[in-house]
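Source file: work_24.cif. Holds: mmCIF, C-alpha atoms.
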data_start
#
loop_
_atom_site.label_atom_id
_atom_site.label_comp_id
_atom_site.auth_asym_id
_atom_site.auth_seq_id
_atom_site.Cartn_x
_atom_site.Cartn_y
_atom_site.Cartn_z
CA MET A 16 10.12 -11.72 9.50
CA ARG A 17 11.12 -8.32 10.91
CA PRO A 18 14.48 -6.93 9.81
CA GLY A 19 17.13 -6.88 12.52
CA ARG A 20 20.15 -8.74 13.83
CA LEU A 21 18.28 -12.06 14.13
CA HIS A 22 17.05 -11.67 10.57
CA THR A 23 20.59 -11.00 9.28
CA LEU A 24 22.02 -13.93 11.28
CA LEU A 25 19.32 -16.32 10.06
CA TYR A 26 19.70 -15.13 6.47
CA TRP A 27 23.46 -15.74 6.38
CA ALA A 28 23.17 -19.06 8.30
CA MET A 29 20.67 -20.32 5.72
CA ARG A 30 22.77 -18.94 2.85
CA GLY A 31 25.81 -20.81 4.30
CA LEU A 32 23.79 -24.03 4.55
CA GLN A 33 22.70 -23.55 0.94
CA ILE A 34 26.32 -23.15 -0.26
CA ALA A 35 27.37 -26.23 1.78
CA ALA A 36 24.53 -28.28 0.27
CA ILE A 37 25.55 -27.23 -3.27
CA PHE A 38 29.16 -28.16 -2.54
CA VAL A 39 28.18 -31.62 -1.23
CA LEU A 40 25.89 -32.17 -4.25
CA VAL A 41 28.69 -31.23 -6.67
CA VAL A 42 31.24 -33.45 -4.90
CA LEU A 43 28.89 -36.45 -4.81
CA THR A 44 27.98 -36.02 -8.49
CA ALA A 45 31.59 -35.65 -9.57
CA ALA A 46 33.03 -38.34 -7.23
CA PRO A 47 33.00 -41.27 -9.74
CA PHE A 48 34.57 -39.10 -12.49
CA ILE A 49 37.39 -37.64 -10.44
CA GLY A 50 38.16 -40.92 -8.71
CA LEU A 51 37.23 -39.68 -5.25
CA ASP A 52 35.32 -42.90 -4.42
CA ALA A 53 38.51 -44.90 -4.90
CA PHE A 54 40.14 -42.97 -2.04
CA LEU A 55 37.07 -43.25 0.16
CA PRO A 56 35.61 -46.78 -0.08
CA SER A 57 32.77 -45.85 2.28
CA LEU A 58 31.75 -43.07 -0.15
CA GLU A 59 31.55 -45.61 -2.99
CA TRP A 60 29.33 -47.84 -0.86
CA LEU A 61 27.16 -44.89 0.16
CA LEU A 62 26.72 -43.73 -3.42
CA GLU A 63 25.86 -47.19 -4.66
CA LYS A 64 23.32 -47.86 -1.93
CA HIS A 65 21.73 -44.42 -1.37
CA GLY A 66 22.97 -42.19 -4.20
CA LYS A 67 19.53 -41.35 -5.61
CA ALA A 68 18.00 -40.69 -2.18
CA ILE A 69 20.91 -38.41 -1.17
CA ASN A 70 20.70 -36.42 -4.40
CA ALA A 71 16.92 -36.06 -4.10
CA GLY A 72 17.22 -35.02 -0.44
CA LEU A 73 19.86 -32.40 -1.20
CA ALA A 74 17.83 -31.03 -4.12
CA ALA A 75 14.74 -30.78 -1.89
CA LEU A 76 16.81 -29.04 0.81
CA LEU A 77 18.12 -26.52 -1.73
CA GLY A 78 14.60 -25.79 -2.98
CA ALA A 79 13.26 -25.34 0.56
CA LEU A 80 16.15 -23.04 1.49
CA GLU A 81 15.57 -20.90 -1.60
CA ILE A 82 11.87 -20.51 -0.74
CA PHE A 83 12.73 -19.67 2.89
CA LEU A 84 15.35 -17.07 1.87
CA LYS A 85 12.93 -15.46 -0.54
CA ALA A 86 10.25 -15.30 2.17
CA ILE A 87 12.45 -13.56 4.78
CA GLY A 88 14.02 -11.16 2.26
CA ARG A 89 17.54 -9.81 1.90
CA PRO A 90 18.94 -7.91 4.91
CA TRP A 91 20.79 -5.32 2.81
CA ILE A 92 17.52 -4.16 1.26
CA TRP A 93 16.01 -3.50 4.69
CA GLU A 94 19.18 -1.68 5.76
CA CYS A 95 18.84 0.57 2.67
CA VAL A 96 15.15 1.19 3.43
CA LYS A 97 16.01 2.07 7.03
CA GLY A 98 18.71 4.47 5.84
CA ILE A 99 16.28 6.20 3.46
CA LEU A 100 13.64 6.51 6.18
CA SER A 101 16.18 7.91 8.66
CA THR A 102 17.20 10.63 6.20
CA PHE A 103 13.51 11.33 5.56
CA GLN A 104 12.93 11.60 9.33
CA ARG A 105 15.77 14.11 9.75
CA ASP A 106 14.47 16.11 6.77
CA ILE A 107 10.89 16.51 7.99
CA PHE A 108 11.68 16.97 11.68
CA ARG A 109 14.44 19.53 11.31
CA GLU A 110 13.44 21.30 14.51
CA ALA A 111 13.80 18.16 16.67
CA GLY A 112 17.04 17.32 18.45
CA ASP A 113 18.73 13.93 18.02
CA GLY A 114 17.53 12.54 21.36
CA ALA A 115 13.93 13.46 20.70
CA LEU A 116 13.84 11.81 17.28
CA SER A 117 13.57 8.23 18.43
CA ASP A 118 10.26 7.94 20.26
CA HIS A 119 8.74 11.40 19.88
CA HIS A 120 9.18 11.86 16.11
CA ARG A 121 8.65 8.52 14.45
CA VAL A 122 8.64 7.34 10.86
CA THR A 123 7.49 3.73 10.52
CA LEU A 124 6.90 1.60 7.46
CA TYR A 125 3.99 -0.85 7.74
CA ARG A 126 3.49 -3.72 5.32
CA TYR A 127 0.05 -5.14 4.58
CA GLN A 128 -0.19 -8.90 4.90
CA THR A 129 -3.26 -11.10 4.91
CA TRP A 130 -1.95 -13.45 7.60
CA CYS A 131 -0.52 -12.62 10.99
CA LEU A 132 -0.06 -15.50 13.40
CA TRP A 133 0.84 -13.46 16.47
CA PRO A 134 -0.19 -9.78 16.49
CA LYS A 135 1.60 -8.78 19.69
CA GLY A 136 -0.33 -6.90 22.36
CA ARG A 137 -3.81 -7.11 20.80
CA GLY A 138 -5.91 -9.74 22.50
CA ARG A 139 -5.73 -12.29 25.33
CA TRP A 140 -3.41 -15.32 25.26
CA TYR A 141 -6.19 -17.66 24.08
CA TRP A 142 -7.20 -15.30 21.21
CA PRO A 143 -4.20 -13.06 20.38
CA TRP A 144 -6.01 -11.46 17.40
CA GLY A 145 -8.58 -9.83 19.68
CA GLN A 146 -11.42 -7.66 18.38
CA GLY A 147 -11.33 -4.76 15.99
CA THR A 148 -12.60 -1.33 17.05
CA SER A 149 -15.71 -2.14 15.00
CA GLY A 150 -16.46 -4.90 17.52
CA ASN A 151 -15.98 -7.80 15.11
CA LEU A 152 -13.76 -10.71 16.15
CA SER A 153 -10.43 -10.68 14.31
CA TRP A 154 -8.86 -13.74 12.72
CA PRO A 155 -5.28 -14.66 11.73
CA TRP A 156 -6.27 -14.12 8.08
CA SER A 157 -8.24 -10.87 8.64
CA GLY A 158 -5.56 -8.66 7.02
CA TRP A 159 -2.95 -6.80 9.06
CA LEU A 160 -0.57 -3.88 8.87
CA VAL A 161 2.72 -5.04 10.37
CA PRO A 162 5.60 -2.65 11.20
CA VAL A 163 8.67 -3.68 9.22
CA VAL A 164 11.12 -0.78 9.49
CA ARG A 165 11.32 2.28 11.72
CA ALA A 166 13.67 5.17 11.10
CA GLY A 167 16.50 5.79 13.52
CA PRO A 168 18.96 3.58 15.33
CA ASP A 169 17.86 0.64 17.48
CA THR A 170 14.17 1.33 17.26
CA ALA A 171 11.45 -1.02 16.04
CA GLY A 172 7.70 -0.73 15.98
CA SER A 173 5.78 -3.58 17.54
CA THR A 174 2.09 -2.66 17.29
CA VAL A 175 0.22 -4.56 14.60
CA PHE A 176 -2.99 -2.96 13.28
CA LEU A 177 -6.06 -4.72 11.93
CA CYS A 178 -6.92 -3.91 8.32
CA ALA A 179 -9.79 -6.19 7.38
CA GLY A 180 -11.20 -4.02 4.57
CA GLY A 181 -13.97 -1.44 4.38
CA GLN A 182 -14.54 0.25 7.73
CA ASP A 183 -13.08 -2.67 9.68
CA PHE A 184 -9.64 -1.36 10.57
CA ASP A 185 -7.62 -0.10 13.53
CA GLY A 186 -5.27 2.83 13.85
CA VAL A 187 -4.52 5.80 11.63
CA CYS A 188 -2.45 3.61 9.32
CA GLY A 189 -5.43 1.20 8.98
CA ALA A 190 -7.62 4.21 8.07
CA ALA A 191 -5.05 5.43 5.52
CA TYR A 192 -4.74 2.00 3.91
CA SER A 193 -8.53 1.57 3.68
CA GLN A 194 -9.22 4.97 2.08
CA GLN A 195 -8.94 6.12 -1.53
CA SER A 196 -6.88 9.16 -0.56
CA GLY A 197 -3.14 8.69 -0.72
CA THR A 198 -2.36 10.83 2.32
CA LEU A 199 -4.25 11.22 5.59
CA GLU A 200 -3.51 13.70 8.35
CA ILE A 201 -4.75 14.10 11.92
CA LYS A 202 -3.69 17.40 13.43
CA ALA A 203 -2.51 17.93 17.00
CA SER A 204 -5.26 20.50 17.54
CA SER A 205 -7.93 17.81 17.20
CA LEU A 206 -6.35 15.39 19.71
CA PRO A 207 -6.25 15.63 23.52
CA ASP A 208 -2.76 15.57 25.02
CA ILE A 209 -2.47 12.20 26.74
CA THR A 210 -0.37 12.11 29.90
CA PRO A 211 -0.32 9.72 32.92
CA VAL A 212 -2.91 11.96 34.60
CA SER A 213 -5.31 12.18 31.65
CA THR A 214 -8.99 11.70 32.41
CA SER A 215 -10.86 8.68 31.08
CA ALA A 216 -12.94 11.02 28.87
CA ASP A 217 -9.73 12.23 27.21
CA ILE A 218 -8.51 8.65 26.76
CA ILE A 219 -11.84 7.61 25.17
CA ASP A 220 -11.77 10.68 22.90
CA TYR A 221 -8.15 10.05 21.88
CA ALA A 222 -8.83 6.35 21.18
CA LYS A 223 -11.87 7.24 19.04
CA ARG A 224 -10.01 9.90 17.06
CA THR A 225 -7.02 7.64 16.38
CA PHE A 226 -9.20 4.55 15.64
CA VAL A 227 -7.62 2.36 18.34
CA PRO A 228 -9.17 0.44 21.26
CA GLU A 229 -9.05 2.31 24.58
CA GLY A 230 -7.08 -0.59 26.06
CA MET A 231 -4.23 0.18 23.68
CA VAL A 232 -4.00 3.79 24.88
CA ILE A 233 -4.18 2.72 28.55
CA ALA A 234 -1.43 0.11 27.95
CA ARG A 235 0.82 2.83 26.46
CA ILE A 236 0.23 5.12 29.44
CA LYS A 237 1.00 2.26 31.87
CA ALA A 238 4.18 1.40 29.95
CA ASN A 239 5.18 5.10 30.21
CA ARG A 240 5.27 5.42 26.43
CA PRO A 241 4.21 8.67 24.78
CA CYS A 242 0.99 8.94 22.79
CA ALA A 243 1.48 10.84 19.55
CA ARG A 244 -0.40 14.09 18.91
CA TYR A 245 0.11 14.37 15.18
CA PHE A 246 -0.29 11.72 12.47
CA LEU A 247 0.47 11.78 8.76
CA ALA A 248 0.05 8.55 6.81
CA HIS A 249 1.15 7.99 3.20
CA ARG A 250 -0.04 5.03 1.15
CA VAL A 251 2.92 3.07 -0.24
CA GLU A 252 2.60 1.38 -3.62
CA VAL A 253 5.00 -1.13 -5.11
CA GLN A 254 4.67 -1.72 -8.85
CA SER A 255 1.40 0.23 -8.74
CA VAL A 256 -0.15 -2.16 -6.20
CA LYS A 257 -0.97 -1.10 -2.63
CA TRP A 258 1.85 -2.41 -0.42
CA GLY A 259 1.47 -0.66 2.93
CA VAL A 260 1.64 2.65 4.73
CA LEU A 261 4.42 5.03 5.73
CA MET A 262 3.39 6.46 9.07
CA ILE A 263 4.73 9.71 10.51
CA ASP A 264 3.74 10.51 14.05
CA CYS A 265 5.07 12.84 16.71
CA ARG A 266 4.40 14.32 20.11
CA SER A 267 4.64 17.91 18.88
CA GLU A 268 2.62 19.90 16.37
CA GLY A 269 3.94 17.87 13.44
CA PRO A 270 6.33 18.57 10.57
CA ASP A 271 6.79 22.23 9.56
CA LYS A 272 4.22 21.84 6.83
CA PRO A 273 2.50 18.67 5.61
CA THR A 274 3.31 19.76 2.06
CA VAL A 275 7.02 19.55 2.94
CA ALA A 276 6.55 15.99 4.16
CA ASN A 277 4.47 15.23 1.04
CA HIS A 278 7.23 16.57 -1.21
CA ARG A 279 9.91 14.62 0.64
CA PHE A 280 7.79 11.49 0.43
CA GLY A 281 7.47 12.07 -3.32
CA GLN A 282 11.28 12.11 -3.52
CA ILE A 283 11.81 8.79 -1.67
CA ARG A 284 8.76 6.99 -3.09
CA ASP A 285 10.48 5.82 -6.26
CA ALA A 286 13.52 4.45 -4.38
CA LEU A 287 11.22 2.62 -1.94
CA ASP A 288 9.27 1.11 -4.85
CA HIS A 289 12.45 -0.27 -6.43
CA LEU A 290 13.82 -1.64 -3.16
CA LEU A 291 10.61 -3.09 -1.75
CA ARG A 292 9.83 -5.04 -4.93
CA ARG A 293 13.07 -6.96 -4.28
CA ALA A 294 12.57 -7.34 -0.52
CA MET B 8 4.03 15.80 -30.75
CA ALA B 9 2.47 18.41 -28.43
CA VAL B 10 4.40 19.58 -25.40
CA TRP B 11 3.36 18.63 -21.90
CA GLN B 12 1.54 21.34 -19.98
CA ARG B 13 3.03 21.37 -16.50
CA VAL B 14 0.62 20.96 -13.57
CA ASP B 15 1.25 22.92 -10.38
CA THR B 16 0.76 20.07 -7.89
CA ASP B 17 1.05 22.39 -4.87
CA THR B 18 -2.02 24.31 -6.04
CA LEU B 19 -3.79 21.09 -6.97
CA ASN B 20 -3.13 19.30 -3.70
CA LYS B 21 -5.14 21.38 -1.26
CA PRO B 22 -6.10 19.79 2.08
CA ARG B 23 -9.60 18.34 1.97
CA PRO B 24 -11.79 17.45 4.97
CA LEU B 25 -13.10 13.88 5.26
CA THR B 26 -15.08 12.08 7.96
CA ILE B 27 -14.06 8.50 8.67
CA ARG B 28 -16.14 6.57 11.22
CA GLY B 29 -17.36 9.86 12.68
CA VAL B 30 -13.85 11.31 13.00
CA ASP B 31 -12.82 14.43 11.06
CA VAL B 32 -9.50 14.04 9.26
CA THR B 33 -7.67 15.90 6.52
CA VAL B 34 -6.74 14.12 3.31
CA TYR B 35 -4.46 14.96 0.40
CA PHE B 36 -3.97 13.37 -3.00
CA GLY B 37 -1.34 10.67 -3.02
CA GLN B 38 1.84 11.66 -4.86
CA ASP B 39 1.14 8.87 -7.34
CA ASP B 40 -2.42 10.10 -7.99
CA MET B 41 -1.52 13.59 -9.16
CA PRO B 42 -0.71 14.15 -12.84
CA VAL B 43 2.41 16.29 -13.27
CA GLY B 44 1.72 17.00 -16.94
CA VAL B 45 -1.21 17.02 -19.38
CA ARG B 46 -1.18 17.24 -23.17
CA GLY B 47 -3.58 16.89 -26.06
CA ASN B 48 -2.92 15.44 -29.53
CA TYR B 49 -4.93 14.72 -32.61
CA ASP B 50 -4.20 11.29 -34.08
CA GLU B 51 -4.78 11.80 -37.83
CA VAL B 52 -4.61 8.09 -38.64
CA ARG B 53 -7.06 6.86 -36.01
CA LYS B 54 -9.18 10.04 -36.15
CA LYS B 55 -9.01 10.36 -32.41
CA PHE B 56 -8.29 13.22 -30.09
CA VAL B 57 -6.09 11.98 -27.26
CA ILE B 58 -5.66 13.65 -23.86
CA GLU B 59 -2.67 12.23 -21.95
CA PHE B 60 -1.76 12.46 -18.28
CA ARG B 61 1.79 12.04 -17.07
CA TYR B 62 2.77 10.90 -13.55
CA ASP B 63 5.97 10.55 -11.57
CA VAL B 64 5.56 6.78 -11.42
CA ALA B 65 7.12 3.79 -13.13
CA ASP B 66 5.38 2.49 -16.27
CA GLU B 67 2.81 -0.24 -15.88
CA PRO B 68 0.73 -2.41 -18.25
CA ILE B 69 -2.48 -0.71 -19.40
CA LYS B 70 -6.07 -1.68 -20.14
CA ARG B 71 -8.75 0.10 -22.18
CA VAL B 72 -12.16 0.90 -20.74
CA PRO B 73 -14.89 2.25 -23.02
CA VAL B 74 -17.26 4.83 -21.49
CA GLU B 75 -20.17 6.94 -22.80
CA ASP B 76 -21.45 4.07 -24.97
CA GLY B 77 -18.03 3.47 -26.47
CA ARG B 78 -17.58 7.04 -27.80
CA VAL B 79 -14.77 7.65 -25.34
CA GLU B 80 -12.06 5.20 -24.40
CA LEU B 81 -10.07 5.45 -21.18
CA VAL B 82 -6.56 4.03 -21.00
CA VAL B 83 -5.86 3.11 -17.36
CA GLY B 84 -3.21 1.19 -15.44
CA GLN B 85 -3.92 -2.53 -15.29
CA ALA B 86 -3.14 -2.85 -11.58
CA SER B 87 -3.66 0.70 -10.34
CA ASP B 88 -6.62 1.90 -12.48
CA ARG B 89 -4.68 5.20 -12.78
CA LEU B 90 -5.92 7.32 -15.71
CA PHE B 91 -3.23 7.70 -18.40
CA GLN B 92 -5.18 8.63 -21.53
CA MET B 93 -8.61 9.58 -22.80
CA GLU B 94 -9.43 8.99 -26.47
CA PHE B 95 -12.31 10.79 -28.20
CA ASP B 96 -13.66 10.01 -31.67
CA ILE B 97 -13.41 13.22 -33.69
CA ASP B 98 -13.36 13.73 -37.45
CA SER B 99 -11.15 16.79 -37.82
CA LYS B 100 -8.54 18.84 -36.06
CA ALA B 101 -10.45 22.04 -36.84
CA ILE B 102 -10.34 24.63 -34.07
CA SER B 103 -14.13 24.58 -33.78
CA SER B 104 -14.06 20.81 -33.08
CA VAL B 105 -11.33 21.22 -30.47
CA ARG B 106 -13.18 24.09 -28.76
CA LEU B 107 -16.24 21.86 -28.49
CA LEU B 108 -14.18 18.94 -27.33
CA LEU B 109 -12.46 20.48 -24.32
CA PRO B 110 -15.72 20.98 -22.34
CA ARG B 111 -16.57 17.38 -23.21
CA VAL B 112 -13.26 16.20 -21.73
CA GLU B 113 -14.05 18.20 -18.60
CA HIS B 114 -17.53 16.66 -18.45
CA VAL B 115 -16.22 13.07 -18.76
CA LEU B 116 -13.60 13.75 -16.09
CA SER B 117 -16.13 15.18 -13.64
CA ASP B 118 -18.40 12.19 -14.26
CA LEU B 119 -15.45 9.91 -13.48
CA ALA B 120 -14.67 11.87 -10.31
CA LYS B 121 -18.28 11.55 -9.14
CA GLY B 122 -18.41 7.79 -9.66
CA ALA B 123 -16.11 5.61 -11.71
CA PRO B 124 -17.53 2.99 -14.10
CA LYS B 125 -17.69 -0.58 -12.87
CA GLY B 126 -14.26 -2.16 -12.61
CA LEU B 127 -12.40 1.13 -12.02
CA ASN B 128 -11.40 1.97 -8.49
CA ARG B 129 -9.24 5.09 -8.23
CA ILE B 130 -11.63 7.96 -7.54
CA ASP B 131 -8.94 10.17 -5.97
CA ASN B 132 -6.86 9.94 -9.14
CA TYR B 133 -9.84 10.90 -11.30
CA VAL B 134 -10.57 13.89 -9.03
CA ALA B 135 -6.89 14.92 -9.29
CA ALA B 136 -6.88 14.42 -13.09
CA SER B 137 -10.04 16.55 -13.38
CA GLY B 138 -8.41 19.31 -11.28
CA ALA B 139 -5.19 19.10 -13.31
CA PHE B 140 -7.11 19.37 -16.59
CA LYS B 141 -9.03 22.44 -15.39
CA GLN B 142 -5.72 24.00 -14.34
CA VAL B 143 -4.01 23.61 -17.73
CA LYS B 144 -7.11 24.00 -19.95
CA PRO B 145 -6.26 27.55 -21.16
CA GLN B 146 -2.71 26.50 -22.13
CA LEU B 147 -4.07 23.38 -23.84
CA GLU B 148 -6.53 25.44 -25.80
CA THR B 149 -3.78 27.81 -26.96
CA ALA B 150 -1.45 24.93 -27.83
CA LEU B 151 -4.14 23.13 -29.84
CA ALA B 152 -5.11 26.27 -31.74
CA GLN B 153 -1.59 26.62 -33.16
#
Just give me the structure as structure tokens.
Amino acid sequence: MRPGRLHTLLYWAMRGLQIAAIFVLVVLTAAPFIGLDAFLPSLEWLLEKHGKAINAGLAALLGALEIFLKAIGRPWIWECVKGILSTFQRDIFREAGDGALSDHHRVTLYRYQTWCLWPKGRGRWYWPWGQGTSGNLSWPWSGWLVPVVRAGPDTAGSTVFLCAGGQDFDGVCGAAYSQQSGTLEIKASSLPDITPVSTSADIIDYAKRTFVPEGMVIARIKANRPCARYFLAHRVEVQSVKWGVLMIDCRSEGPDKPTVANHRFGQIRDALDHLLRRA
Amino acid sequence: MAVWQRVDTDTLNKPRPLTIRGVDVTVYFGQDDMPVGVRGNYDEVRKKFVIEFRYDVADEPIKRVPVEDGRVELVVGQASDRLFQMEFDIDSKAISSVRLLLPRVEHVLSDLAKGAPKGLNRIDNYVAASGAFKQVKPQLETALAQ
């Protein structure tokens, strides 16, 4: 589940339900010893008739809630990660003004996951996983890079990239995840500037050079969303195992120097490792 | 215990061209692939010369991989395959032995960088380790001669 308000609300609702279930379990277990059943005759009847089933049901509910909470992760961790990435974004894009940071100078953390049930904006309604740029049909279990946190206030990435292994991947982050090299850069000088009046040749060239389907570029143009001209992708490891990719992209020439971004990434990498292993 | 020879990672991490699916991109070593320190020690008890690589990463469990018909043993990360140590069988700490050994270390590292043995999958780290070793070789030689 993506971090956000819904995630926080769901987390605390489930945590509340868990505390309530523990309270009920404790009260029901202690009722005969503290004489509570004497005050509530119906409770005595209920415990006699269905005591074992109620206890088993509550224990199962507690187990299921714990698994669910572990799966969606703790909201405070994602808030910390977002804070770290926002500082990182301000550090590497010092020349950009506040307003330009959000959609023109982005820092997005993608997590690799084998399964993705609904990769938004990829295929048609009857086959939402679509095809990879290699032409192969994609499957829910193909392997995906899903955006989990984006730096800056009120922004969230939504594009999911295929990462099926070998040369079967989409996007610069898919390329970075599939390669041995820890950092991959595509410079602005090698990419055409995509605007609403760009020619189809430019769109095809841009799509090829950024490893995405042409349809994805056309959809961005139609939605009046900018197409980045500079990409820098860092592999993210958690406990020495590949976890995902930290993607830096912008409309301008890129950070002052990639080495600056590499140094800054080196500084936040350890903190990300410690946080993400608990997420 | 010998001191760590510091690696200049800025010099080591030069941009390198790579072609992926017909597209030219630039790649760099990952921050976790570049050794920040190298040192060499002679283990008198085990009669082994040990070259160690230090990284800015958290510790991880290790595994041992014999190469060159078992005459050299690599100590790599269990999950990451990152190169932490190389152990060479050597009878004495004599300067002549060490002088002969350093080119051998370089040779094993370049072999690793060209193609890792079966079961190891971290070529970029081996290339970085090879570059780091070449960078600090003169200092290592001086340190070992003392």
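Summary of the local environment: counting all atoms listed in the file, residues at most 10 Å from Glu59 in chain B, other than itself and those fewer than 5 positions away along its chain, are Trp11, Pro42, Gly44, Val45, Arg46, Gly47, Asn48, Val82, Leu90, Phe91, Gln92, Met93, Glu94 and Phe140 of chain B.
Reported to one decimal place, the separation of CA of Val275 in chain A from CA of Trp258 in chain A is 22.8 Å.
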Tell me as a VMD selection string which residues belonging to chain A come within 10 Å of chain B, counting only C-alpha atoms.
chain A and resid 149 182 to 183 187 190 to 191 194 to 202 205 223 to 226 247 to 257 273 to 274 277 to 278 280 to 282 284 to 285 288 to 289
With C-alpha atoms kept, could you save the residues just selected as a short mmCIF file (atom, residue, chain, number, x, y, z; two decimals), in the coordinates of the input?
data_model
loop_
_atom_site.label_atom_id
_atom_site.label_comp_id
_atom_site.auth_asym_id
_atom_site.auth_seq_id
_atom_site.Cartn_x
_atom_site.Cartn_y
_atom_site.Cartn_z
CA SER A 149 -15.71 -2.14 15.00
CA GLN A 182 -14.54 0.25 7.73
CA ASP A 183 -13.08 -2.67 9.68
CA VAL A 187 -4.52 5.80 11.63
CA ALA A 190 -7.62 4.21 8.07
CA ALA A 191 -5.05 5.43 5.52
CA GLN A 194 -9.22 4.97 2.08
CA GLN A 195 -8.94 6.12 -1.53
CA SER A 196 -6.88 9.16 -0.56
CA GLY A 197 -3.14 8.69 -0.72
CA THR A 198 -2.36 10.83 2.32
CA LEU A 199 -4.25 11.22 5.59
CA GLU A 200 -3.51 13.70 8.35
CA ILE A 201 -4.75 14.10 11.92
CA LYS A 202 -3.69 17.40 13.43
CA SER A 205 -7.93 17.81 17.20
CA LYS A 223 -11.87 7.24 19.04
CA ARG A 224 -10.01 9.90 17.06
CA THR A 225 -7.02 7.64 16.38
CA PHE A 226 -9.20 4.55 15.64
CA LEU A 247 0.47 11.78 8.76
CA ALA A 248 0.05 8.55 6.81
CA HIS A 249 1.15 7.99 3.20
CA ARG A 250 -0.04 5.03 1.15
CA VAL A 251 2.92 3.07 -0.24
CA GLU A 252 2.60 1.38 -3.62
CA VAL A 253 5.00 -1.13 -5.11
CA GLN A 254 4.67 -1.72 -8.85
CA SER A 255 1.40 0.23 -8.74
CA VAL A 256 -0.15 -2.16 -6.20
CA LYS A 257 -0.97 -1.10 -2.63
CA PRO A 273 2.50 18.67 5.61
CA THR A 274 3.31 19.76 2.06
CA ASN A 277 4.47 15.23 1.04
CA HIS A 278 7.23 16.57 -1.21
CA PHE A 280 7.79 11.49 0.43
CA GLY A 281 7.47 12.07 -3.32
CA GLN A 282 11.28 12.11 -3.52
CA ARG A 284 8.76 6.99 -3.09
CA ASP A 285 10.48 5.82 -6.26
CA ASP A 288 9.27 1.11 -4.85
CA HIS A 289 12.45 -0.27 -6.43
#
A straight line from CA of Cys265 in chain A to CA of Gln104 in chain A spans 10.9 Å
Report the distance between CA of Asp106 in chain A and CA of Gly167 in chain A in Å, rounded to one decimal place.
12.5 Å
Could you expand the PyMOL selection byres ((chain B and resi 143) around 10) into the explicit residues it covers here, written as a PyMOL selection string?
chain B and resi 11-15+44-46+138-142+144-148
Up to 12 Å from (-8.5, 11.3, -24.8) in the file's coordinates: name the residues, counting all atoms listed in the file, as a ChimeraX atom specification.
/B:45-50,54-60,71-74,78-83,90-97,105,108-109,111-113,115-116,140
Go through the shown structure with the PyMOL selection byres ((chain A and resi 219) around 10) and write out the matching residues as a PyMOL selection string.
chain A and resi 207+214-218+220-224+227-230+232-233
Preceding selection exported with C-alpha atoms as a tab-separated table (two decimals), in the frame of the given file:
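File written: selection23.tsv
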chain	number	residue	atom	x	y	z
A	207	PRO	CA	-6.25	15.63	23.52
A	214	THR	CA	-8.99	11.70	32.41
A	215	SER	CA	-10.86	8.68	31.08
A	216	ALA	CA	-12.94	11.02	28.87
A	217	ASP	CA	-9.73	12.23	27.21
A	218	ILE	CA	-8.51	8.65	26.76
A	220	ASP	CA	-11.77	10.68	22.90
A	221	TYR	CA	-8.15	10.05	21.88
A	222	ALA	CA	-8.83	6.35	21.18
A	223	LYS	CA	-11.87	7.24	19.04
A	224	ARG	CA	-10.01	9.90	17.06
A	227	VAL	CA	-7.62	2.36	18.34
A	228	PRO	CA	-9.17	0.44	21.26
A	229	GLU	CA	-9.05	2.31	24.58
A	230	GLY	CA	-7.08	-0.59	26.06
A	232	VAL	CA	-4.00	3.79	24.88
A	233	ILE	CA	-4.18	2.72	28.55
